[in-house]
Structures are given as C-alpha cells and as structure tokens.
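Engineer: So that we are looking at the same thing, I have put the structure below in structure tokens.
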Amino acid sequence: MKPLFILAAIFAFGVLIAVHELGHFLAAKLCGVRVNEFSIGMGPLIWHKETEETQYSLRLFPVGGFCAMEGEDEDTGDARSFVRQGFWKKFLILAAGSLMNFLTGVVIILCIFAGASAFNVDRVAGLAPEFTQTGENGLMEGDLFYKIDGYRTYLAGDAQMFLSFADDTVDIEVVRDGRHILVENVARQTCTGMEGETYQGFGLYVGYHSVPATFGTTLQYVAYQSLDFVQQVWFSLSMLFSGGAGVSDLTGPVGIVSTMTEVGEAAQEAGGIGAAMENISYFAALLAINLAVMNLLPLPALDGGRIFFLFVDAVCLLLFKRKVPEKYQAYVNTAGFVILMGFMLFVTFQDVFRLFR
C-alpha cells in the first residue's frame, strides 16, 4: 500500500499548491487584473491551453505553481496591470492565496470532525506527591488546562507538548467550575510518576476530558483545531529562533510526502485504509494552514513580503508623497526568491539524505 500513500501525499500537496494559486487567480480576475499565465507545477511545460487572455499550464514538478499577472514588478503601461491597482485590490490579491489555503484546511477539518462522537481536551489527571502548589488557588485534580506559558491548550496533546518544551519554570492557567486560575512559576523537579517511577518534570499527570459532539461543539472544535494549527506554526518558529529547534529539524516537499506516507501506513496498521486516509487528510489540513501562515510572513518573495511593501509604500506616500520604485521592490523579491530556492534545495537534499540514511 506504500505507493498508494505516496501518490495520495503527492496529490494532496499538489492540490494545496493549486488551491493557493487559484486564490490569487480568482482575486486577480475579480479585481480586473490581467493574468498572463496560471500554472500548476514548476519546470518544463507538459500541457497548456491558451485563451484570449490567459494561458493555463500544467508543469512537470508538483512542488509549486504560479499566477503570472501583467505588470507584477514593473509598470508595463497596461491599465489592468497589477502595479496600477489600488492598495486594497493589491492586498486582496496577495492575501487570497493564504486565505484559500486556510479555508481548505478548515473544510478538511470539518469533514473529519463531522463524524466525531466527542472531542478530547487536556485535564489534570493527578499531581505528584512532590507538587506543592495545590488548593483553591493552585492546581487540583480535574482542572482543565487552558494556557501553558501563554500558549492556549485547545485540544488533547497540547498540554504535554508545551510542558515538554518548557523551561525550568512554567506558568499554568486552568479552568475550574468556570473560573480561571493562574499558577505561576511551577518548577521542574524530580517527581514520582503514577507507576512509582521517578522522572524530571513538573509533577502533573495529564489526562483527557471528553466533550460530547453536538452541532455547536463540532463547529467550536473545528475552529479550535484550526487555531491550534496556527499556534503550532508560531510555536515552531519561536522554537527555531530561540534555539529550541534547529535547521536540521526542518522539512521540505520530500520530507512532507515521506511523513504523510508514514502517517498513512501507521494508521492503516491500527485501523485500516479508512483510518489511513483520515490521518493523511488531517496532516493535509495541518499543511494547508501551515502554508497559509508561512506565506504571510513578511519575508521577500513570499506573499507576506509583498504585503509588507504595500504598507511601506503607503507610509512613503503619506510622508514623502512618493512610493518605493517597483524596480527596487523587484530586486529585493528576486534576491529573496533566490535565497528561498537555495534554502529549499538544502532542505530537500537533507530530506533525501534522511530517506537513504
């Protein structure tokens, strides 16, 4: 079944890229901007169809795509070129790709959660004998985790993840009978586990509390899962910049397909092909929302970098009555694209090395 999972992972990855570029394409058409080419995939052309205005293309490598608009980086004199549009039209076009990815992730989560009977959240299942910050203003068995060091614990598994990456002290906010209780500076120490073993930790036994699935709670937890995916991206970035994770922990398209295949195989062994496809879909939702957030980072060559230049232009117009020339923006974005492609190649070689290690 492994080839099936590889094909499913490649297909899911390709669909997410197509959806992203479709967002740009639809927004451009809505705003009256001329689109010269709409392509799924990168590299050599394997199929195309030309209309009066736009060439629709399918290219060999399913690791990218593009929506080539008239006058993206310079004024070509066409009134329908991208650079001649106003602030809000440009903003809508640039943000539409990420919006489509985010909505795709939400729809996938909704489909997965539609058949759920309950949703699990983290609770305090017990406290080690060494734990002293207990009582009405401390932690008690049965408390529902709400935040750990400011990170919201939306669903089961979040609390354990944030505790495992926490420093030597951690702030924990719980909910008890509708009341929020913040317990600060919980220290890592030598604790006794539930089976009598000793370990270094915070003395909290994490368990689950089930919330019955109704129409209302299903919509609520679809939103929670979507927000949880967004938070995971920001948490991962903070770990990367703080040194908690390294470049070696990053993965690219090859690693993503490999991971989705492993997820599918593990789920199939546990629950059959249906469970495998559900887990791959779940991972695809995570990837969709990850792409949405990452593309909005204010980095050159990404949508977020171009949106950042929109705001720079707005400030320059306000203060100096002139914009930053498009050619300079193009230089920055081109340099950013080259650096990004070089980084992606490095990550891809790293992924391939892992496969054959």
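Going through the structure tokens in order, the chains are called A, B, and so on, while each chain numbers its residues from 1 and the ligands are numbered from 1 in the order shown.
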Considering only C-alpha atoms, return as a ChimeraX atom specification whatever protein or nucleic-acid residues lie within 12 Å of A:Val206, sequence-local ones (same chain, fewer than 2 positions apart) excluded.
Structural biologist: /A:121-128,140-145,156-164,193-194,201-204,208-209
Engineer: Please dump the current selection as a PDB file, in the first residue's frame; keep C-alpha atoms.
Structural biologist:
```pdb
ATOM      1  CA  VAL A 121      -9.232  18.214  25.909  1.00  0.00           C
ATOM      2  CA  ASP A 122      -6.388  18.090  28.439  1.00  0.00           C
ATOM      3  CA  ARG A 123      -7.077  17.968  32.168  1.00  0.00           C
ATOM      4  CA  VAL A 124      -5.043  17.456  35.328  1.00  0.00           C
ATOM      5  CA  ALA A 125      -5.413  13.717  35.999  1.00  0.00           C
ATOM      6  CA  GLY A 126      -3.382  13.869  39.186  1.00  0.00           C
ATOM      7  CA  LEU A 127      -0.448  15.509  40.960  1.00  0.00           C
ATOM      8  CA  ALA A 128       2.854  14.025  42.087  1.00  0.00           C
ATOM      9  CA  MET A 140      -6.296  20.350  41.631  1.00  0.00           C
ATOM     10  CA  GLU A 141      -7.153  17.044  40.022  1.00  0.00           C
ATOM     11  CA  GLY A 142      -9.845  17.555  37.381  1.00  0.00           C
ATOM     12  CA  ASP A 143      -8.759  21.085  36.394  1.00  0.00           C
ATOM     13  CA  LEU A 144      -8.915  21.716  32.652  1.00  0.00           C
ATOM     14  CA  PHE A 145      -5.718  23.106  31.131  1.00  0.00           C
ATOM     15  CA  ALA A 156      -5.760  16.875  23.837  1.00  0.00           C
ATOM     16  CA  GLY A 157      -1.994  16.634  23.486  1.00  0.00           C
ATOM     17  CA  ASP A 158      -1.292  20.363  23.609  1.00  0.00           C
ATOM     18  CA  ALA A 159      -0.513  20.462  27.337  1.00  0.00           C
ATOM     19  CA  GLN A 160       2.031  17.637  27.150  1.00  0.00           C
ATOM     20  CA  MET A 161       3.704  19.221  24.120  1.00  0.00           C
ATOM     21  CA  PHE A 162       4.099  22.657  25.730  1.00  0.00           C
ATOM     22  CA  LEU A 163       5.255  21.153  29.044  1.00  0.00           C
ATOM     23  CA  SER A 164       7.888  19.050  27.269  1.00  0.00           C
ATOM     24  CA  GLY A 193       5.197   9.066  38.406  1.00  0.00           C
ATOM     25  CA  MET A 194       1.850   7.260  38.531  1.00  0.00           C
ATOM     26  CA  GLY A 201       9.170  17.124  35.263  1.00  0.00           C
ATOM     27  CA  PHE A 202       6.570  19.426  36.740  1.00  0.00           C
ATOM     28  CA  GLY A 203       4.637  16.854  38.767  1.00  0.00           C
ATOM     29  CA  LEU A 204       1.479  16.967  36.651  1.00  0.00           C
ATOM     30  CA  TYR A 208      -8.270  13.748  28.984  1.00  0.00           C
ATOM     31  CA  HIS A 209     -11.751  15.187  29.394  1.00  0.00           C
TER      32      HIS A 209
END
```
Engineer: For A:Asp149, work out the shell of residues within 8 Å, counting only C-alpha atoms and skipping chain neighbours fewer than 4 positions away, then give it as a list in words.
Structural biologist: Ala166, Val170, Asp171 and Ile172 of chain A
Engineer: Save out the residues we just selected, N, CA and C atoms, as a compact mmCIF listing (two decimals), in the first residue's frame.
Structural biologist:
```txt
# COMPACT_ATOMS: atom_id res chain seq x y z
N ALA A 166 8.99 23.31 27.73
CA ALA A 166 9.06 24.45 28.65
C ALA A 166 10.44 24.56 29.29
N VAL A 170 7.37 27.18 34.65
CA VAL A 170 6.28 27.34 33.70
C VAL A 170 5.07 27.94 34.40
N ASP A 171 4.33 28.80 33.69
CA ASP A 171 3.07 29.36 34.20
C ASP A 171 1.93 28.55 33.60
N ILE A 172 1.03 28.09 34.46
CA ILE A 172 -0.07 27.23 34.02
C ILE A 172 -1.40 27.86 34.41
```
Engineer: For A:Ala95, please output as a ChimeraX atom specification all residues within 10 Å (counting only C-alpha atoms; exclusion window: fewer than 4 positions along the same chain).
Structural biologist: /A:20,23-24,27,89-91,99-100,292,295-296,303-304,306-307
Engineer: Just list as number ranges by chain whatever in stretch 6-254 of chain A DSSP marks as alpha helix (DSSP H).
Structural biologist: A: 6-30, 87-113, 158-165, 215-242, 253-254
Engineer: Show me a table, sorted first by chain and then by increasing residue number, of the residues of stretch 30-109 of chain A having an atom at most 12 Å from stretch 213-219 of chain A, each with its shortest atom pair and the distance in Å to one decimal, counting only C-alpha atoms and written as JSON lines.
Structural biologist:
```
{"residue": "A:Val106", "atom": "CA", "partner": "A:Leu219", "partner_atom": "CA", "distance": 10.2}
{"residue": "A:Val107", "atom": "CA", "partner": "A:Leu219", "partner_atom": "CA", "distance": 11.0}
{"residue": "A:Ile109", "atom": "CA", "partner": "A:Leu219", "partner_atom": "CA", "distance": 9.9}
```
Engineer: Keeping only C-alpha atoms, write the selected residues to a file as a PDB file, in the first residue's frame.
Structural biologist:
```
ATOM      1  CA  VAL A 106     -10.877  24.356   7.769  1.00  0.00           C
ATOM      2  CA  VAL A 107     -13.045  22.420   5.290  1.00  0.00           C
ATOM      3  CA  ILE A 109     -11.088  19.512   9.453  1.00  0.00           C
TER       4      ILE A 109
END
```
Engineer: Identify, with DSSP run on backbone atoms, the residues in stretch 79-247 of chain A assigned to strand (DSSP E or B), and express the list as a ChimeraX atom specification.
Structural biologist: /A:118-127,134,139,144-148,151-152,169-176,179-187,189-192,198-201,204-212
Engineer: Convert the current residue selection to file output with N, CA and C atoms, as a compact mmCIF listing (two decimals), in the first residue's frame.
Structural biologist:
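So again.txt came out as:
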```
# COMPACT_ATOMS: atom_id res chain seq x y z
N ALA A 118 -17.15 12.67 20.12
CA ALA A 118 -16.70 13.50 21.24
C ALA A 118 -15.35 14.11 20.88
N PHE A 119 -14.99 15.16 21.63
CA PHE A 119 -13.70 15.83 21.45
C PHE A 119 -12.97 15.82 22.79
N ASN A 120 -11.69 15.49 22.76
CA ASN A 120 -10.91 15.39 23.99
C ASN A 120 -10.08 16.64 24.23
N VAL A 121 -10.07 17.10 25.49
CA VAL A 121 -9.23 18.21 25.91
C VAL A 121 -8.39 17.76 27.10
N ASP A 122 -7.31 18.47 27.37
CA ASP A 122 -6.39 18.09 28.44
C ASP A 122 -6.92 18.51 29.81
N ARG A 123 -6.74 17.65 30.77
CA ARG A 123 -7.08 17.97 32.17
C ARG A 123 -5.99 17.44 33.09
N VAL A 124 -5.98 17.94 34.31
CA VAL A 124 -5.04 17.46 35.33
C VAL A 124 -5.60 16.14 35.88
N ALA A 125 -4.93 15.03 35.55
CA ALA A 125 -5.41 13.72 36.00
C ALA A 125 -4.89 13.36 37.39
N GLY A 126 -3.93 14.12 37.86
CA GLY A 126 -3.38 13.87 39.19
C GLY A 126 -2.13 14.71 39.38
N LEU A 127 -1.64 14.72 40.62
CA LEU A 127 -0.45 15.51 40.96
C LEU A 127 0.54 14.63 41.70
N THR A 134 -0.93 23.45 45.36
CA THR A 134 -2.26 22.88 45.23
C THR A 134 -3.27 23.73 46.01
N LEU A 139 -3.34 24.15 41.75
CA LEU A 139 -3.87 23.14 40.85
C LEU A 139 -4.54 22.02 41.63
N LEU A 144 -9.12 21.75 34.09
CA LEU A 144 -8.91 21.72 32.65
C LEU A 144 -7.81 22.70 32.29
N PHE A 145 -6.79 22.22 31.58
CA PHE A 145 -5.72 23.11 31.13
C PHE A 145 -6.29 24.15 30.17
N TYR A 146 -5.83 25.40 30.33
CA TYR A 146 -6.27 26.48 29.45
C TYR A 146 -5.08 27.11 28.72
N LYS A 147 -4.02 27.45 29.46
CA LYS A 147 -2.82 28.00 28.83
C LYS A 147 -1.59 27.50 29.57
N ILE A 148 -0.51 27.34 28.82
CA ILE A 148 0.79 27.00 29.40
C ILE A 148 1.80 27.97 28.82
N TYR A 151 0.55 29.89 25.88
CA TYR A 151 0.05 29.14 24.73
C TYR A 151 -1.25 28.43 25.10
N ARG A 152 -2.26 28.63 24.28
CA ARG A 152 -3.59 28.06 24.54
C ARG A 152 -3.58 26.55 24.28
N THR A 169 10.92 26.66 34.68
CA THR A 169 9.68 27.05 35.36
C THR A 169 8.63 27.35 34.29
N VAL A 170 7.37 27.18 34.65
CA VAL A 170 6.28 27.34 33.70
C VAL A 170 5.07 27.94 34.40
N ASP A 171 4.33 28.80 33.69
CA ASP A 171 3.07 29.36 34.20
C ASP A 171 1.93 28.55 33.60
N ILE A 172 1.03 28.09 34.46
CA ILE A 172 -0.07 27.23 34.02
C ILE A 172 -1.40 27.86 34.41
N GLU A 173 -2.27 28.03 33.42
CA GLU A 173 -3.61 28.55 33.67
C GLU A 173 -4.62 27.43 33.43
N VAL A 174 -5.50 27.21 34.40
CA VAL A 174 -6.50 26.16 34.29
C VAL A 174 -7.90 26.75 34.49
N VAL A 175 -8.89 25.95 34.12
CA VAL A 175 -10.30 26.34 34.33
C VAL A 175 -10.92 25.33 35.29
N ARG A 176 -11.55 25.87 36.34
CA ARG A 176 -12.22 25.02 37.33
C ARG A 176 -13.59 25.62 37.64
N ARG A 179 -14.11 29.05 36.47
CA ARG A 179 -13.19 30.07 36.99
C ARG A 179 -11.78 29.81 36.49
N HIS A 180 -11.11 30.88 35.99
CA HIS A 180 -9.73 30.76 35.51
C HIS A 180 -8.76 30.98 36.67
N ILE A 181 -7.80 30.07 36.81
CA ILE A 181 -6.82 30.13 37.89
C ILE A 181 -5.43 30.06 37.27
N LEU A 182 -4.59 31.05 37.57
CA LEU A 182 -3.23 31.10 37.05
C LEU A 182 -2.26 30.72 38.17
N VAL A 183 -1.47 29.70 37.92
CA VAL A 183 -0.45 29.26 38.87
C VAL A 183 0.91 29.54 38.23
N GLU A 184 1.66 30.43 38.82
CA GLU A 184 2.92 30.89 38.22
C GLU A 184 4.12 30.16 38.80
N ASN A 185 5.17 30.12 37.99
CA ASN A 185 6.49 29.60 38.40
C ASN A 185 6.41 28.18 38.95
N VAL A 186 5.73 27.31 38.25
CA VAL A 186 5.76 25.89 38.60
C VAL A 186 7.11 25.35 38.16
N ALA A 187 7.88 24.79 39.09
CA ALA A 187 9.27 24.42 38.83
C ALA A 187 9.42 22.97 38.39
N GLN A 189 11.25 19.56 38.60
CA GLN A 189 11.91 18.91 39.72
C GLN A 189 11.87 17.39 39.54
N THR A 190 12.49 16.68 40.48
CA THR A 190 12.42 15.22 40.48
C THR A 190 11.08 14.81 41.07
N CYS A 191 10.28 14.10 40.28
CA CYS A 191 8.92 13.75 40.70
C CYS A 191 8.72 12.24 40.64
N THR A 192 7.68 11.80 41.31
CA THR A 192 7.28 10.40 41.29
C THR A 192 6.11 10.22 40.34
N THR A 198 10.58 7.51 39.00
CA THR A 198 11.00 8.90 39.18
C THR A 198 11.35 9.50 37.83
N TYR A 199 11.11 10.79 37.67
CA TYR A 199 11.39 11.48 36.42
C TYR A 199 11.56 12.96 36.69
N GLN A 200 12.19 13.65 35.76
CA GLN A 200 12.32 15.10 35.84
C GLN A 200 11.14 15.75 35.12
N GLY A 201 10.35 16.50 35.86
CA GLY A 201 9.17 17.12 35.26
C GLY A 201 8.52 18.10 36.23
N LEU A 204 2.87 16.97 37.12
CA LEU A 204 1.48 16.97 36.65
C LEU A 204 1.21 15.71 35.84
N TYR A 205 0.16 15.01 36.16
CA TYR A 205 -0.26 13.88 35.35
C TYR A 205 -1.36 14.40 34.41
N VAL A 206 -1.11 14.29 33.11
CA VAL A 206 -2.04 14.83 32.12
C VAL A 206 -2.99 13.73 31.64
N GLY A 207 -4.29 14.01 31.73
CA GLY A 207 -5.31 13.10 31.24
C GLY A 207 -6.24 13.82 30.29
N TYR A 208 -7.35 13.18 29.96
CA TYR A 208 -8.27 13.75 28.98
C TYR A 208 -9.67 13.93 29.57
N HIS A 209 -10.33 14.95 29.09
CA HIS A 209 -11.75 15.19 29.39
C HIS A 209 -12.50 15.23 28.08
N SER A 210 -13.57 14.47 27.97
CA SER A 210 -14.32 14.37 26.72
C SER A 210 -15.50 15.33 26.70
N VAL A 211 -15.63 16.04 25.59
CA VAL A 211 -16.77 16.94 25.37
C VAL A 211 -17.65 16.30 24.30
N PRO A 212 -18.91 15.99 24.60
CA PRO A 212 -19.78 15.35 23.61
C PRO A 212 -19.91 16.20 22.34
```
Engineer: I'd like the interatomic distance between atom CA of A:Thr76 and atom CA of A:Leu30, to a tenth of an Å.
Structural biologist: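 These two atoms are separated by 20.3 Å.
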Engineer: A:Cys31: which residues within 10 Å, counting only C-alpha atoms, same-chain residues fewer than 4 positions away excluded, as a tab-separated table (two decimals) with C-alpha atoms, in the first residue's frame?
Structural biologist:
```tsv
chain	number	residue	atom	x	y	z
A	25	PHE	CA	-6.06	33.88	-9.79
A	26	LEU	CA	-9.68	34.35	-8.69
A	27	ALA	CA	-8.87	37.51	-6.74
A	80	ARG	CA	-5.11	46.34	-15.96
A	82	PHE	CA	-1.09	44.68	-11.06
A	85	GLN	CA	-4.17	48.82	-8.88
A	86	GLY	CA	-5.00	50.50	-5.58
A	88	TRP	CA	-6.89	47.23	-1.26
A	89	LYS	CA	-7.03	45.40	-4.59
A	90	LYS	CA	-3.33	44.53	-4.30
A	92	LEU	CA	-6.76	41.22	-1.60
A	93	ILE	CA	-4.89	39.56	-4.48
```
Engineer: Closest to A:Ser81 among A:Lys49, A:Lys29, A:Arg59, A:Lys327, using only C-alpha atoms?
Structural biologist: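 Result for the nearest residue to A:Ser81: A:Lys29.
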Engineer: Name all residues at most 8 Å from A:Cys67 (count only C-alpha atoms; drop same-chain ones fewer than 5 positions away) and give them as a ChimeraX atom specification.
Structural biologist: /A:21-22,24-25,35-39
Engineer: For each of A:Ser117, A:Ile112, A:Val324, A:Ile280, take the minimum atom-to-atom distance to A:Val222, counting only C-alpha atoms, then give the residue where this is smallest.
Structural biologist: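 When distances to A:Val222 are compared using only C-alpha atoms, the smallest one comes from A:Ile112.
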